[in-house]
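S.K.: I'm passing along structure-v2.pdb; it holds PDB, C-alpha atoms.
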ATOM      1  CA  MET A   1     -36.937  -5.691  32.327
ATOM      2  CA  ARG A   2     -37.276  -8.190  29.502
ATOM      3  CA  ALA A   3     -34.099  -9.997  28.520
ATOM      4  CA  VAL A   4     -32.718 -13.184  26.992
ATOM      5  CA  ILE A   5     -30.507 -15.163  29.391
ATOM      6  CA  TYR A   6     -28.588 -18.442  29.415
ATOM      7  CA  ASN A   7     -27.178 -20.289  32.430
ATOM      8  CA  GLU A   8     -25.203 -23.027  30.687
ATOM      9  CA  PHE A   9     -23.441 -23.666  27.411
ATOM     10  CA  GLY A  10     -25.343 -25.392  24.643
ATOM     11  CA  GLY A  11     -27.653 -25.008  21.679
ATOM     12  CA  ALA A  12     -30.231 -22.304  21.139
ATOM     13  CA  ASP A  13     -32.558 -24.104  23.553
ATOM     14  CA  VAL A  14     -30.492 -22.861  26.529
ATOM     15  CA  LEU A  15     -31.695 -19.311  25.793
ATOM     16  CA  THR A  16     -34.629 -18.228  27.956
ATOM     17  CA  TYR A  17     -36.781 -15.135  27.518
ATOM     18  CA  GLY A  18     -38.197 -13.452  30.602
ATOM     19  CA  ASP A  19     -37.781 -10.791  33.248
ATOM     20  CA  THR A  20     -34.626  -9.862  35.110
ATOM     21  CA  ALA A  21     -33.369  -6.929  37.137
ATOM     22  CA  LYS A  22     -32.572  -3.681  35.353
ATOM     23  CA  PRO A  23     -28.829  -2.908  35.659
ATOM     24  CA  GLU A  24     -27.851   0.213  37.582
ATOM     25  CA  PRO A  25     -24.960   2.354  36.353
ATOM     26  CA  ALA A  26     -21.956   2.616  38.653
ATOM     27  CA  PRO A  27     -19.830   5.778  38.746
ATOM     28  CA  GLY A  28     -18.489   6.453  35.266
ATOM     29  CA  GLU A  29     -21.033   4.140  33.607
ATOM     30  CA  VAL A  30     -23.897   4.800  31.223
ATOM     31  CA  ARG A  31     -27.150   2.850  31.063
ATOM     32  CA  VAL A  32     -28.918   2.678  27.715
ATOM     33  CA  GLN A  33     -32.380   1.694  26.624
ATOM     34  CA  VAL A  34     -31.726  -0.750  23.801
ATOM     35  CA  VAL A  35     -33.700  -0.221  20.587
ATOM     36  CA  THR A  36     -31.949  -2.579  18.157
ATOM     37  CA  VAL A  37     -29.345  -5.327  18.480
ATOM     38  CA  GLY A  38     -26.956  -6.713  15.895
ATOM     39  CA  VAL A  39     -26.788 -10.519  15.852
ATOM     40  CA  ASN A  40     -23.272 -11.881  15.275
ATOM     41  CA  PRO A  41     -21.748 -15.361  14.847
ATOM     42  CA  LEU A  42     -19.826 -14.682  18.033
ATOM     43  CA  ASP A  43     -23.142 -14.758  19.913
ATOM     44  CA  TYR A  44     -23.738 -18.450  19.251
ATOM     45  CA  LYS A  45     -20.037 -19.311  19.539
ATOM     46  CA  ARG A  46     -20.020 -17.828  23.034
ATOM     47  CA  ARG A  47     -23.274 -19.659  23.839
ATOM     48  CA  TYR A  48     -21.573 -22.958  22.982
ATOM     49  CA  GLY A  49     -18.481 -22.043  25.016
ATOM     50  CA  TRP A  50     -16.238 -22.285  21.958
ATOM     51  CA  VAL A  51     -14.345 -19.026  22.511
ATOM     52  CA  GLU A  52     -13.844 -18.995  26.267
ATOM     53  CA  GLN A  53     -10.121 -18.397  25.814
ATOM     54  CA  PHE A  54     -10.946 -15.038  24.278
ATOM     55  CA  TYR A  55     -14.338 -14.177  25.817
ATOM     56  CA  PRO A  56     -14.834 -15.814  29.240
ATOM     57  CA  THR A  57     -18.460 -16.174  30.354
ATOM     58  CA  THR A  58     -20.008 -15.518  33.750
ATOM     59  CA  PHE A  59     -23.471 -17.029  34.304
ATOM     60  CA  PRO A  60     -26.214 -15.946  34.105
ATOM     61  CA  ALA A  61     -25.209 -14.391  30.777
ATOM     62  CA  VAL A  62     -27.092 -12.065  28.431
ATOM     63  CA  PRO A  63     -25.960 -12.456  24.798
ATOM     64  CA  GLY A  64     -25.185  -9.671  22.395
ATOM     65  CA  LEU A  65     -22.417  -7.206  21.734
ATOM     66  CA  GLU A  66     -23.617  -4.369  19.540
ATOM     67  CA  PHE A  67     -26.661  -2.169  19.897
ATOM     68  CA  ALA A  68     -28.270   1.140  19.054
ATOM     69  CA  GLY A  69     -30.415   2.935  21.589
ATOM     70  CA  VAL A  70     -30.957   5.905  23.861
ATOM     71  CA  VAL A  71     -29.019   6.990  26.957
ATOM     72  CA  ASP A  72     -31.308   6.269  29.903
ATOM     73  CA  ALA A  73     -29.271   6.960  33.057
ATOM     74  CA  LEU A  74     -25.828   8.235  34.005
ATOM     75  CA  GLY A  75     -23.490   7.129  36.750
ATOM     76  CA  ASP A  76     -21.654   9.741  38.785
ATOM     77  CA  GLY A  77     -19.022  11.640  36.854
ATOM     78  CA  VAL A  78     -20.304  10.981  33.324
ATOM     79  CA  THR A  79     -20.217  14.137  31.194
ATOM     80  CA  GLU A  80     -19.565  12.843  27.649
ATOM     81  CA  VAL A  81     -23.228  12.032  26.947
ATOM     82  CA  ALA A  82     -26.592  13.122  28.319
ATOM     83  CA  VAL A  83     -29.851  11.330  29.052
ATOM     84  CA  GLY A  84     -31.843  11.200  25.819
ATOM     85  CA  ASP A  85     -28.826  11.053  23.488
ATOM     86  CA  GLU A  86     -29.153   8.527  20.684
ATOM     87  CA  VAL A  87     -26.054   6.336  20.677
ATOM     88  CA  PHE A  88     -24.684   3.094  19.301
ATOM     89  CA  GLY A  89     -21.761   0.806  19.999
ATOM     90  CA  TRP A  90     -21.209  -2.015  22.476
ATOM     91  CA  THR A  91     -22.691  -3.111  25.792
ATOM     92  CA  ARG A  92     -20.913  -4.543  28.812
ATOM     93  CA  THR A  93     -23.871  -6.469  30.206
ATOM     94  CA  GLY A  94     -25.327  -7.950  27.006
ATOM     95  CA  ALA A  95     -27.493  -6.369  24.343
ATOM     96  CA  TYR A  96     -30.390  -8.852  24.208
ATOM     97  CA  ALA A  97     -32.245  -6.844  26.835
ATOM     98  CA  GLU A  98     -34.398  -3.759  27.255
ATOM     99  CA  TYR A  99     -31.625  -2.005  29.183
ATOM    100  CA  ALA A 100     -27.862  -2.481  29.333
ATOM    101  CA  ILE A 101     -24.727  -0.885  30.681
ATOM    102  CA  ALA A 102     -22.898   0.610  27.739
ATOM    103  CA  GLY A 103     -19.350  -0.110  26.728
ATOM    104  CA  ASP A 104     -17.723   1.959  23.983
ATOM    105  CA  ILE A 105     -20.376   4.170  22.392
ATOM    106  CA  VAL A 106     -20.657   7.172  20.092
ATOM    107  CA  ARG A 107     -23.562   9.445  19.247
ATOM    108  CA  LYS A 108     -25.784   8.181  16.453
ATOM    109  CA  PRO A 109     -26.319  10.631  13.598
ATOM    110  CA  ALA A 110     -30.002  11.461  13.277
ATOM    111  CA  GLU A 111     -29.850  10.456   9.604
ATOM    112  CA  LEU A 112     -28.790   6.913  10.528
ATOM    113  CA  SER A 113     -31.671   4.656  11.554
ATOM    114  CA  PHE A 114     -31.491   2.545  14.697
ATOM    115  CA  VAL A 115     -31.567  -0.609  12.572
ATOM    116  CA  ALA A 116     -28.714   0.589  10.353
ATOM    117  CA  ALA A 117     -26.680   1.753  13.350
ATOM    118  CA  ALA A 118     -26.899  -1.655  15.022
ATOM    119  CA  THR A 119     -25.251  -3.305  12.001
ATOM    120  CA  LEU A 120     -22.080  -1.234  12.131
ATOM    121  CA  PRO A 121     -20.073  -1.539  15.403
ATOM    122  CA  VAL A 122     -18.788  -5.123  15.170
ATOM    123  CA  ALA A 123     -18.463  -5.200  11.384
ATOM    124  CA  GLY A 124     -16.836  -1.778  11.185
ATOM    125  CA  GLU A 125     -14.340  -2.299  13.993
ATOM    126  CA  THR A 126     -13.434  -5.814  12.890
ATOM    127  CA  ALA A 127     -12.964  -4.897   9.238
ATOM    128  CA  GLN A 128     -10.793  -1.887   9.982
ATOM    129  CA  ARG A 129      -8.768  -3.729  12.619
ATOM    130  CA  VAL A 130      -7.925  -6.739  10.456
ATOM    131  CA  LEU A 131      -7.067  -4.677   7.372
ATOM    132  CA  GLY A 132      -4.637  -2.789   9.602
ATOM    133  CA  GLU A 133      -3.174  -6.034  10.962
ATOM    134  CA  LEU A 134      -2.643  -7.214   7.384
ATOM    135  CA  GLY A 135      -0.972  -3.941   6.435
ATOM    136  CA  LEU A 136      -3.006  -3.764   3.229
ATOM    137  CA  LYS A 137      -1.844  -1.042   0.866
ATOM    138  CA  ASP A 138      -2.764   0.636  -2.408
ATOM    139  CA  GLY A 139      -2.152  -1.631  -5.386
ATOM    140  CA  GLU A 140      -2.221  -4.905  -3.454
ATOM    141  CA  THR A 141      -4.644  -7.809  -3.846
ATOM    142  CA  LEU A 142      -6.690  -9.088  -0.909
ATOM    143  CA  LEU A 143      -8.445 -12.453  -0.765
ATOM    144  CA  LEU A 144     -11.476 -12.027   1.487
ATOM    145  CA  HIS A 145     -13.342 -15.152   2.569
ATOM    146  CA  GLY A 146     -16.962 -14.494   3.514
ATOM    147  CA  ALA A 147     -17.102 -11.249   1.577
ATOM    148  CA  ALA A 148     -20.909 -11.065   1.570
ATOM    149  CA  GLY A 149     -21.205 -11.253   5.355
ATOM    150  CA  ALA A 150     -21.529  -8.137   7.494
ATOM    151  CA  VAL A 151     -17.798  -7.886   8.246
ATOM    152  CA  GLY A 152     -16.948  -8.755   4.666
ATOM    153  CA  GLN A 153     -19.193  -6.064   3.223
ATOM    154  CA  VAL A 154     -17.486  -3.326   5.217
ATOM    155  CA  ALA A 155     -14.023  -4.798   4.617
ATOM    156  CA  VAL A 156     -14.580  -4.841   0.843
ATOM    157  CA  GLN A 157     -15.439  -1.162   0.824
ATOM    158  CA  LEU A 158     -12.585  -0.104   3.112
ATOM    159  CA  ALA A 159     -10.074  -2.149   1.112
ATOM    160  CA  VAL A 160     -11.287  -0.765  -2.216
ATOM    161  CA  ALA A 161     -11.040   2.745  -0.758
ATOM    162  CA  LEU A 162      -7.397   1.996   0.062
ATOM    163  CA  GLY A 163      -6.802   1.209  -3.620
ATOM    164  CA  ALA A 164      -6.637  -2.569  -3.234
ATOM    165  CA  THR A 165      -8.131  -5.237  -5.484
ATOM    166  CA  VAL A 166     -10.488  -7.471  -3.504
ATOM    167  CA  ILE A 167     -11.183 -11.085  -4.489
ATOM    168  CA  GLY A 168     -14.246 -12.007  -2.441
ATOM    169  CA  THR A 169     -15.511 -15.539  -1.876
ATOM    170  CA  ALA A 170     -19.283 -15.952  -1.671
ATOM    171  CA  SER A 171     -22.143 -18.008  -3.026
ATOM    172  CA  PRO A 172     -23.079 -17.176  -6.631
ATOM    173  CA  ALA A 173     -26.323 -15.557  -5.437
ATOM    174  CA  ASN A 174     -24.227 -12.818  -3.819
ATOM    175  CA  HIS A 175     -21.860 -12.150  -6.710
ATOM    176  CA  ASP A 176     -23.728  -9.236  -8.261
ATOM    177  CA  PHE A 177     -24.001  -7.629  -4.841
ATOM    178  CA  LEU A 178     -20.244  -7.950  -4.279
ATOM    179  CA  ARG A 179     -19.542  -6.431  -7.673
ATOM    180  CA  SER A 180     -21.660  -3.445  -6.643
ATOM    181  CA  LEU A 181     -19.333  -2.961  -3.663
ATOM    182  CA  GLY A 182     -16.238  -3.135  -5.848
ATOM    183  CA  ALA A 183     -15.096  -6.719  -5.285
ATOM    184  CA  VAL A 184     -14.242  -9.439  -7.793
ATOM    185  CA  PRO A 185     -16.430 -12.370  -6.643
ATOM    186  CA  VAL A 186     -15.502 -16.051  -6.797
ATOM    187  CA  ALA A 187     -17.531 -19.030  -5.624
ATOM    188  CA  TYR A 188     -16.259 -20.936  -2.604
ATOM    189  CA  GLY A 189     -15.997 -24.732  -2.525
ATOM    190  CA  ASP A 190     -14.052 -27.292  -4.564
ATOM    191  CA  GLY A 191     -11.722 -25.702  -7.095
ATOM    192  CA  LEU A 192     -11.481 -22.414  -5.192
ATOM    193  CA  ALA A 193      -7.715 -22.109  -5.614
ATOM    194  CA  ASP A 194      -7.971 -22.351  -9.385
ATOM    195  CA  ARG A 195     -10.767 -19.786  -9.505
ATOM    196  CA  VAL A 196      -8.795 -17.358  -7.366
ATOM    197  CA  ARG A 197      -5.676 -17.761  -9.502
ATOM    198  CA  ALA A 198      -7.736 -17.079 -12.621
ATOM    199  CA  ALA A 199      -9.264 -13.960 -11.034
ATOM    200  CA  ALA A 200      -5.938 -12.745  -9.639
ATOM    201  CA  PRO A 201      -3.074 -13.908 -11.874
ATOM    202  CA  GLN A 202      -0.919 -11.279 -10.170
ATOM    203  CA  GLY A 203      -1.127 -13.311  -6.944
ATOM    204  CA  ILE A 204      -2.569 -12.727  -3.498
ATOM    205  CA  ASP A 205      -0.801 -10.320  -1.148
ATOM    206  CA  ALA A 206      -2.967 -10.847   1.937
ATOM    207  CA  VAL A 207      -5.865 -13.006   3.149
ATOM    208  CA  PHE A 208      -8.715 -11.997   5.465
ATOM    209  CA  ASP A 209     -10.723 -15.028   6.592
ATOM    210  CA  ALA A 210     -14.153 -13.909   7.783
ATOM    211  CA  ALA A 211     -15.802 -17.240   6.969
ATOM    212  CA  GLY A 212     -13.969 -20.158   8.568
ATOM    213  CA  HIS A 213     -15.094 -23.466   7.024
ATOM    214  CA  ASP A 214     -11.519 -24.711   6.415
ATOM    215  CA  ALA A 215     -10.513 -21.654   4.408
ATOM    216  CA  LEU A 216      -6.996 -21.517   5.851
ATOM    217  CA  PRO A 217      -5.277 -24.428   4.008
ATOM    218  CA  VAL A 218      -6.248 -23.074   0.576
ATOM    219  CA  SER A 219      -5.287 -19.579   1.722
ATOM    220  CA  ILE A 220      -1.821 -20.743   2.699
ATOM    221  CA  ALA A 221      -1.437 -22.469  -0.663
ATOM    222  CA  LEU A 222      -2.472 -19.301  -2.489
ATOM    223  CA  ARG A 223       0.129 -17.367  -0.495
ATOM    224  CA  GLY A 224       2.809 -19.732  -1.761
ATOM    225  CA  GLY A 225       2.931 -21.895   1.344
ATOM    226  CA  THR A 226       3.518 -19.080   3.823
ATOM    227  CA  THR A 227       1.194 -18.025   6.660
ATOM    228  CA  ASP A 228       2.507 -14.476   6.481
ATOM    229  CA  ARG A 229      -0.231 -11.838   6.049
ATOM    230  CA  ILE A 230      -3.129 -14.216   6.707
ATOM    231  CA  VAL A 231      -5.547 -13.382   9.541
ATOM    232  CA  THR A 232      -8.758 -15.132  10.576
ATOM    233  CA  ILE A 233     -11.656 -14.009  12.735
ATOM    234  CA  ALA A 234     -13.649 -17.175  12.110
ATOM    235  CA  ASP A 235     -11.469 -20.257  12.629
ATOM    236  CA  PRO A 236     -10.735 -21.060  16.306
ATOM    237  CA  GLN A 237      -8.280 -23.756  15.132
ATOM    238  CA  ALA A 238      -6.119 -21.113  13.466
ATOM    239  CA  ALA A 239      -3.113 -21.906  15.669
ATOM    240  CA  ASP A 240      -3.015 -25.437  14.229
ATOM    241  CA  HIS A 241      -2.235 -23.817  10.870
ATOM    242  CA  GLY A 242       0.193 -21.238  12.277
ATOM    243  CA  VAL A 243      -2.245 -18.429  11.437
ATOM    244  CA  PRO A 244      -3.140 -15.659  13.920
ATOM    245  CA  PHE A 245      -6.706 -15.411  15.193
ATOM    246  CA  SER A 246      -7.745 -11.786  15.699
ATOM    247  CA  PRO A 247     -10.068 -11.494  18.723
ATOM    248  CA  GLY A 248     -10.062  -7.725  19.112
ATOM    249  CA  GLY A 249      -8.214  -5.577  21.619
ATOM    250  CA  THR A 250      -8.364  -2.256  19.771
ATOM    251  CA  PRO A 251      -7.952   0.644  22.249
ATOM    252  CA  PRO A 252     -11.335   2.179  23.163
ATOM    253  CA  GLU A 253     -10.474   5.647  21.916
ATOM    254  CA  THR A 254      -9.484   4.184  18.547
ATOM    255  CA  VAL A 255     -12.675   2.134  18.350
ATOM    256  CA  ARG A 256     -14.799   5.201  19.022
ATOM    257  CA  ALA A 257     -12.935   7.258  16.418
ATOM    258  CA  TRP A 258     -13.344   4.539  13.788
ATOM    259  CA  LEU A 259     -17.045   4.127  14.527
ATOM    260  CA  ALA A 260     -17.760   7.846  14.432
ATOM    261  CA  ALA A 261     -15.887   8.186  11.138
ATOM    262  CA  GLN A 262     -17.707   5.231   9.586
ATOM    263  CA  ALA A 263     -21.074   6.626  10.675
ATOM    264  CA  ARG A 264     -20.232   9.923   8.960
ATOM    265  CA  LEU A 265     -19.239   8.079   5.789
ATOM    266  CA  ALA A 266     -22.513   6.161   5.885
ATOM    267  CA  VAL A 267     -24.543   9.352   6.237
ATOM    268  CA  GLU A 268     -22.574  10.920   3.380
ATOM    269  CA  GLY A 269     -23.283   7.927   1.153
ATOM    270  CA  LYS A 270     -19.608   6.931   1.014
ATOM    271  CA  LEU A 271     -19.997   3.682   2.976
ATOM    272  CA  SER A 272     -22.894   1.256   2.754
ATOM    273  CA  VAL A 273     -23.682  -0.264   6.137
ATOM    274  CA  PRO A 274     -24.262  -4.037   6.091
ATOM    275  CA  ARG A 275     -27.556  -4.886   4.441
ATOM    276  CA  VAL A 276     -30.214  -6.328   6.731
ATOM    277  CA  ALA A 277     -31.512  -9.774   5.839
ATOM    278  CA  GLU A 278     -34.121 -10.171   8.567
ATOM    279  CA  THR A 279     -35.318  -8.623  11.827
ATOM    280  CA  PHE A 280     -36.663 -10.451  14.873
ATOM    281  CA  PRO A 281     -38.466  -9.473  18.085
ATOM    282  CA  LEU A 282     -36.515 -10.071  21.301
ATOM    283  CA  ALA A 283     -38.734 -13.048  22.158
ATOM    284  CA  ASP A 284     -37.443 -14.771  18.988
ATOM    285  CA  ALA A 285     -33.747 -14.297  19.782
ATOM    286  CA  ALA A 286     -33.158 -18.051  19.815
ATOM    287  CA  ARG A 287     -34.478 -18.272  16.276
ATOM    288  CA  ALA A 288     -32.234 -15.377  15.240
ATOM    289  CA  GLN A 289     -29.200 -17.267  16.551
ATOM    290  CA  GLU A 290     -30.290 -20.433  14.752
ATOM    291  CA  VAL A 291     -30.467 -18.522  11.473
ATOM    292  CA  SER A 292     -27.062 -17.001  12.168
ATOM    293  CA  GLU A 293     -25.566 -20.393  12.965
ATOM    294  CA  ALA A 294     -26.946 -21.925   9.763
ATOM    295  CA  GLY A 295     -24.744 -19.452   7.910
ATOM    296  CA  HIS A 296     -26.923 -18.701   4.910
ATOM    297  CA  ALA A 297     -28.436 -15.335   5.810
ATOM    298  CA  ARG A 298     -27.962 -12.852   2.976
ATOM    299  CA  GLY A 299     -27.040  -9.968   5.237
ATOM    300  CA  LYS A 300     -27.211  -8.839   8.816
ATOM    301  CA  LEU A 301     -29.708 -10.162  11.360
ATOM    302  CA  VAL A 302     -31.139  -7.569  13.731
ATOM    303  CA  ILE A 303     -33.244  -7.878  16.864
ATOM    304  CA  GLU A 304     -35.734  -5.074  17.553
ATOM    305  CA  ILE A 305     -36.618  -4.621  21.208
TER     306      ILE A 305
END
Let me see the structure of the file written as structure tokens.
M.R.:
Amino acid sequence: MRAVIYNEFGGADVLTYGDTAKPEPAPGEVRVQVVTVGVNPLDYKRRYGWVEQFYPTTFPAVPGLEFAGVVDALGDGVTEVAVGDEVFGWTRTGAYAEYAIAGDIVRKPAELSFVAAATLPVAGETAQRVLGELGLKDGETLLLHGAAGAVGQVAVQLAVALGATVIGTASPANHDFLRSLGAVPVAYGDGLADRVRAAAPQGIDAVFDAAGHDALPVSIALRGGTTDRIVTIADPQAADHGVPFSPGGTPPETVRAWLAAQARLAVEGKLSVPRVAETFPLADAARAQEVSEAGHARGKLVIEI
């Protein structure tokens, strides 16, 4: 099968595109034919070896977490899905490949395209998880760094649905888009604290850092000097600031329930899945990661197999 593989940590040049053996499902496992892959910042962070404490790597490694595709083969004892079912979720063996062993998956609604489905697992799970960790409630104000990114887009909508006010940092080019999702946008960069205070004179109750880029010191200042109710998914130096880094760990049954519910909301028009900025063929996966690493994509990057 065709796949993208790397055998050492480094830049995008360590990624190679070629043929490798098709994985075989063990008892209890499901093999899927991958149709689309969501590209995430974690992909290049793992490639560099920056997050080994959370996501240890075994070489040779195939990148990629989230996918949408079709069930291709079943290991002994699998009864929850059937060959031919359209599904989406996570892979265990890496998604940048024609075939993969599935992790947590749910059935894809027919009304949801494969491209749209591939944008949802990581963003949806991460957004819902962190809002729960923050204990965000109706009437509170959330500062969300990186609000225009894939995770940020879902988090804005879930927080607004809870009844919260969302102050979202983003480049000015994304401000109208964030307003359409229900957020109050502010530009990041010098003077951010003053802009946030002007937008939220009532104060900030919680901070969700989905951007990194030294967002934690200003977040702590805006919380009155406390690190309470600040969570990051983007700053691996969070411990230096006394802020928790949220790497995941949601129970599988909870993840599947969240994803199924979010897919239904998307089909019903009650949740907009992350907008897609660009799609790439599998052979251009290195370029997709370079665009992701540059950090200026206006939406989700998707690989089509």
S.K.: Determine the residue set returned by the PyMOL selection byres ((chain A and resi 186) around 10) for the present structure, and present it as a PyMOL selection string.
M.R.: chain A and resi 143+145+147+167-172+174-175+178+183-185+187-189+192-193+195-196+198-199
S.K.: Determine the residue set returned by the PyMOL selection byres ((chain A and resi 26-32) around 12) for the present structure, and present it as a PyMOL selection string.
M.R.: chain A and resi 22-25+33-36+67-95+97-106
S.K.: Keeping only C-alpha atoms, write those residues as a PDB file, in the frame of the given file.
M.R.:
ATOM      1  CA  LYS A  22     -32.572  -3.681  35.353  1.00  0.00           C
ATOM      2  CA  PRO A  23     -28.829  -2.908  35.659  1.00  0.00           C
ATOM      3  CA  GLU A  24     -27.851   0.213  37.582  1.00  0.00           C
ATOM      4  CA  PRO A  25     -24.960   2.354  36.353  1.00  0.00           C
ATOM      5  CA  GLN A  33     -32.380   1.694  26.624  1.00  0.00           C
ATOM      6  CA  VAL A  34     -31.726  -0.750  23.801  1.00  0.00           C
ATOM      7  CA  VAL A  35     -33.700  -0.221  20.587  1.00  0.00           C
ATOM      8  CA  THR A  36     -31.949  -2.579  18.157  1.00  0.00           C
ATOM      9  CA  PHE A  67     -26.661  -2.169  19.897  1.00  0.00           C
ATOM     10  CA  ALA A  68     -28.270   1.140  19.054  1.00  0.00           C
ATOM     11  CA  GLY A  69     -30.415   2.935  21.589  1.00  0.00           C
ATOM     12  CA  VAL A  70     -30.957   5.905  23.861  1.00  0.00           C
ATOM     13  CA  VAL A  71     -29.019   6.990  26.957  1.00  0.00           C
ATOM     14  CA  ASP A  72     -31.308   6.269  29.903  1.00  0.00           C
ATOM     15  CA  ALA A  73     -29.271   6.960  33.057  1.00  0.00           C
ATOM     16  CA  LEU A  74     -25.828   8.235  34.005  1.00  0.00           C
ATOM     17  CA  GLY A  75     -23.490   7.129  36.750  1.00  0.00           C
ATOM     18  CA  ASP A  76     -21.654   9.741  38.785  1.00  0.00           C
ATOM     19  CA  GLY A  77     -19.022  11.640  36.854  1.00  0.00           C
ATOM     20  CA  VAL A  78     -20.304  10.981  33.324  1.00  0.00           C
ATOM     21  CA  THR A  79     -20.217  14.137  31.194  1.00  0.00           C
ATOM     22  CA  GLU A  80     -19.565  12.843  27.649  1.00  0.00           C
ATOM     23  CA  VAL A  81     -23.228  12.032  26.947  1.00  0.00           C
ATOM     24  CA  ALA A  82     -26.592  13.122  28.319  1.00  0.00           C
ATOM     25  CA  VAL A  83     -29.851  11.330  29.052  1.00  0.00           C
ATOM     26  CA  GLY A  84     -31.843  11.200  25.819  1.00  0.00           C
ATOM     27  CA  ASP A  85     -28.826  11.053  23.488  1.00  0.00           C
ATOM     28  CA  GLU A  86     -29.153   8.527  20.684  1.00  0.00           C
ATOM     29  CA  VAL A  87     -26.054   6.336  20.677  1.00  0.00           C
ATOM     30  CA  PHE A  88     -24.684   3.094  19.301  1.00  0.00           C
ATOM     31  CA  GLY A  89     -21.761   0.806  19.999  1.00  0.00           C
ATOM     32  CA  TRP A  90     -21.209  -2.015  22.476  1.00  0.00           C
ATOM     33  CA  THR A  91     -22.691  -3.111  25.792  1.00  0.00           C
ATOM     34  CA  ARG A  92     -20.913  -4.543  28.812  1.00  0.00           C
ATOM     35  CA  THR A  93     -23.871  -6.469  30.206  1.00  0.00           C
ATOM     36  CA  GLY A  94     -25.327  -7.950  27.006  1.00  0.00           C
ATOM     37  CA  ALA A  95     -27.493  -6.369  24.343  1.00  0.00           C
ATOM     38  CA  ALA A  97     -32.245  -6.844  26.835  1.00  0.00           C
ATOM     39  CA  GLU A  98     -34.398  -3.759  27.255  1.00  0.00           C
ATOM     40  CA  TYR A  99     -31.625  -2.005  29.183  1.00  0.00           C
ATOM     41  CA  ALA A 100     -27.862  -2.481  29.333  1.00  0.00           C
ATOM     42  CA  ILE A 101     -24.727  -0.885  30.681  1.00  0.00           C
ATOM     43  CA  ALA A 102     -22.898   0.610  27.739  1.00  0.00           C
ATOM     44  CA  GLY A 103     -19.350  -0.110  26.728  1.00  0.00           C
ATOM     45  CA  ASP A 104     -17.723   1.959  23.983  1.00  0.00           C
ATOM     46  CA  ILE A 105     -20.376   4.170  22.392  1.00  0.00           C
ATOM     47  CA  VAL A 106     -20.657   7.172  20.092  1.00  0.00           C
TER      48      VAL A 106
END
S.K.: Just to confirm, what's the straight-line distance from CA of Leu142 in chain A to CA of Val302 in chain A in Å (one decimal)?
M.R.: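 Those two atoms sit 28.5 Å apart.
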S.K.: Quick one: which residues end up in the PyMOL selection byres ((chain A and resi 9) around 7) for this structure, as a PyMOL selection string?
M.R.: chain A and resi 8+10+47-49
S.K.: Find the residues around range 228-237 of chain A up to 12 Å (all atoms listed in the file counted), leave out those fewer than 6 positions away in its own chain, and share them as a PyMOL selection string.
M.R.: chain A and resi 40-42+45-46+49-54+122-123+126-127+129-136+140-146+149+151-152+204-222+243-248
S.K.: In Å, how far is it from CA of Val276 in chain A to CA of Leu301 in chain A?
M.R.: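 Distance reported for this atom pair: 6.0 Å.
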S.K.: Rounded to one decimal place, report the CA of Gln153 in chain A-CA of Pro274 in chain A distance in Å.
M.R.: 6.2 Å
S.K.: Compare A:Trp258, A:Gln157, A:Tyr44, A:Ala263 by their minimum atom-to-atom distance to Ala110 in chain A, counting all atoms listed in the file, and give me the closest one.
M.R.: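 Looking at the shortest contact to Ala110 in chain A, the residue is A:Ala263.
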S.K.: Select, from A:Tyr17, A:Tyr6, A:Phe59, A:Phe114, the residue with the minimum atom-to-atom distance to Leu282 in chain A, counting all atoms listed in the file.
M.R.: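 For Leu282 in chain A, the nearest of the candidates is A:Tyr17.
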S.K.: Go through A:Pro63, A:Asp138, A:Ala200, A:Ser180 and flag the residue nearest Gly163 in chain A, using all atoms listed in the file for the distances.
M.R.: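 Residue with the minimum atom-to-atom distance to Gly163 in chain A: A:Asp138.
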S.K.: Fewer than 5 positions away in the same chain doesn't count, so skip those; otherwise give me all residues within 8 Å of Val160 in chain A, counting all atoms listed in the file, as a tab-separated table (two decimals) with C-alpha atoms, in the coordinates of the input.
M.R.:
chain	number	residue	atom	x	y	z
A	165	THR	CA	-8.13	-5.24	-5.48
A	166	VAL	CA	-10.49	-7.47	-3.50
A	182	GLY	CA	-16.24	-3.14	-5.85
A	183	ALA	CA	-15.10	-6.72	-5.28
S.K.: Pick out the residues sitting within 9 Å of Ala266 in chain A, and hand them over as a PyMOL selection string; count all atoms listed in the file, and ignore anything fewer than 6 positions along from it in its own chain.
M.R.: chain A and resi 112+272-273
S.K.: Excluding Val255 in chain A and its own-chain neighbours fewer than 3 positions away, which residues fall within 9 Å of it when counting all atoms listed in the file? Please give them as number ranges by chain.
M.R.: A: 104-105, 121, 125, 250-252, 258-260
S.K.: Box along x, y and z, 8 Å on every side, all listed atoms of range 129-144 of chain A inside: centre and edge lengths in Å to one decimal, as AutoDock Vina command-line options.
M.R.:
--center_x -6.2 --center_y -5.9 --center_z 3.6 --size_x 26.5 --size_y 29.1 --size_z 34.0
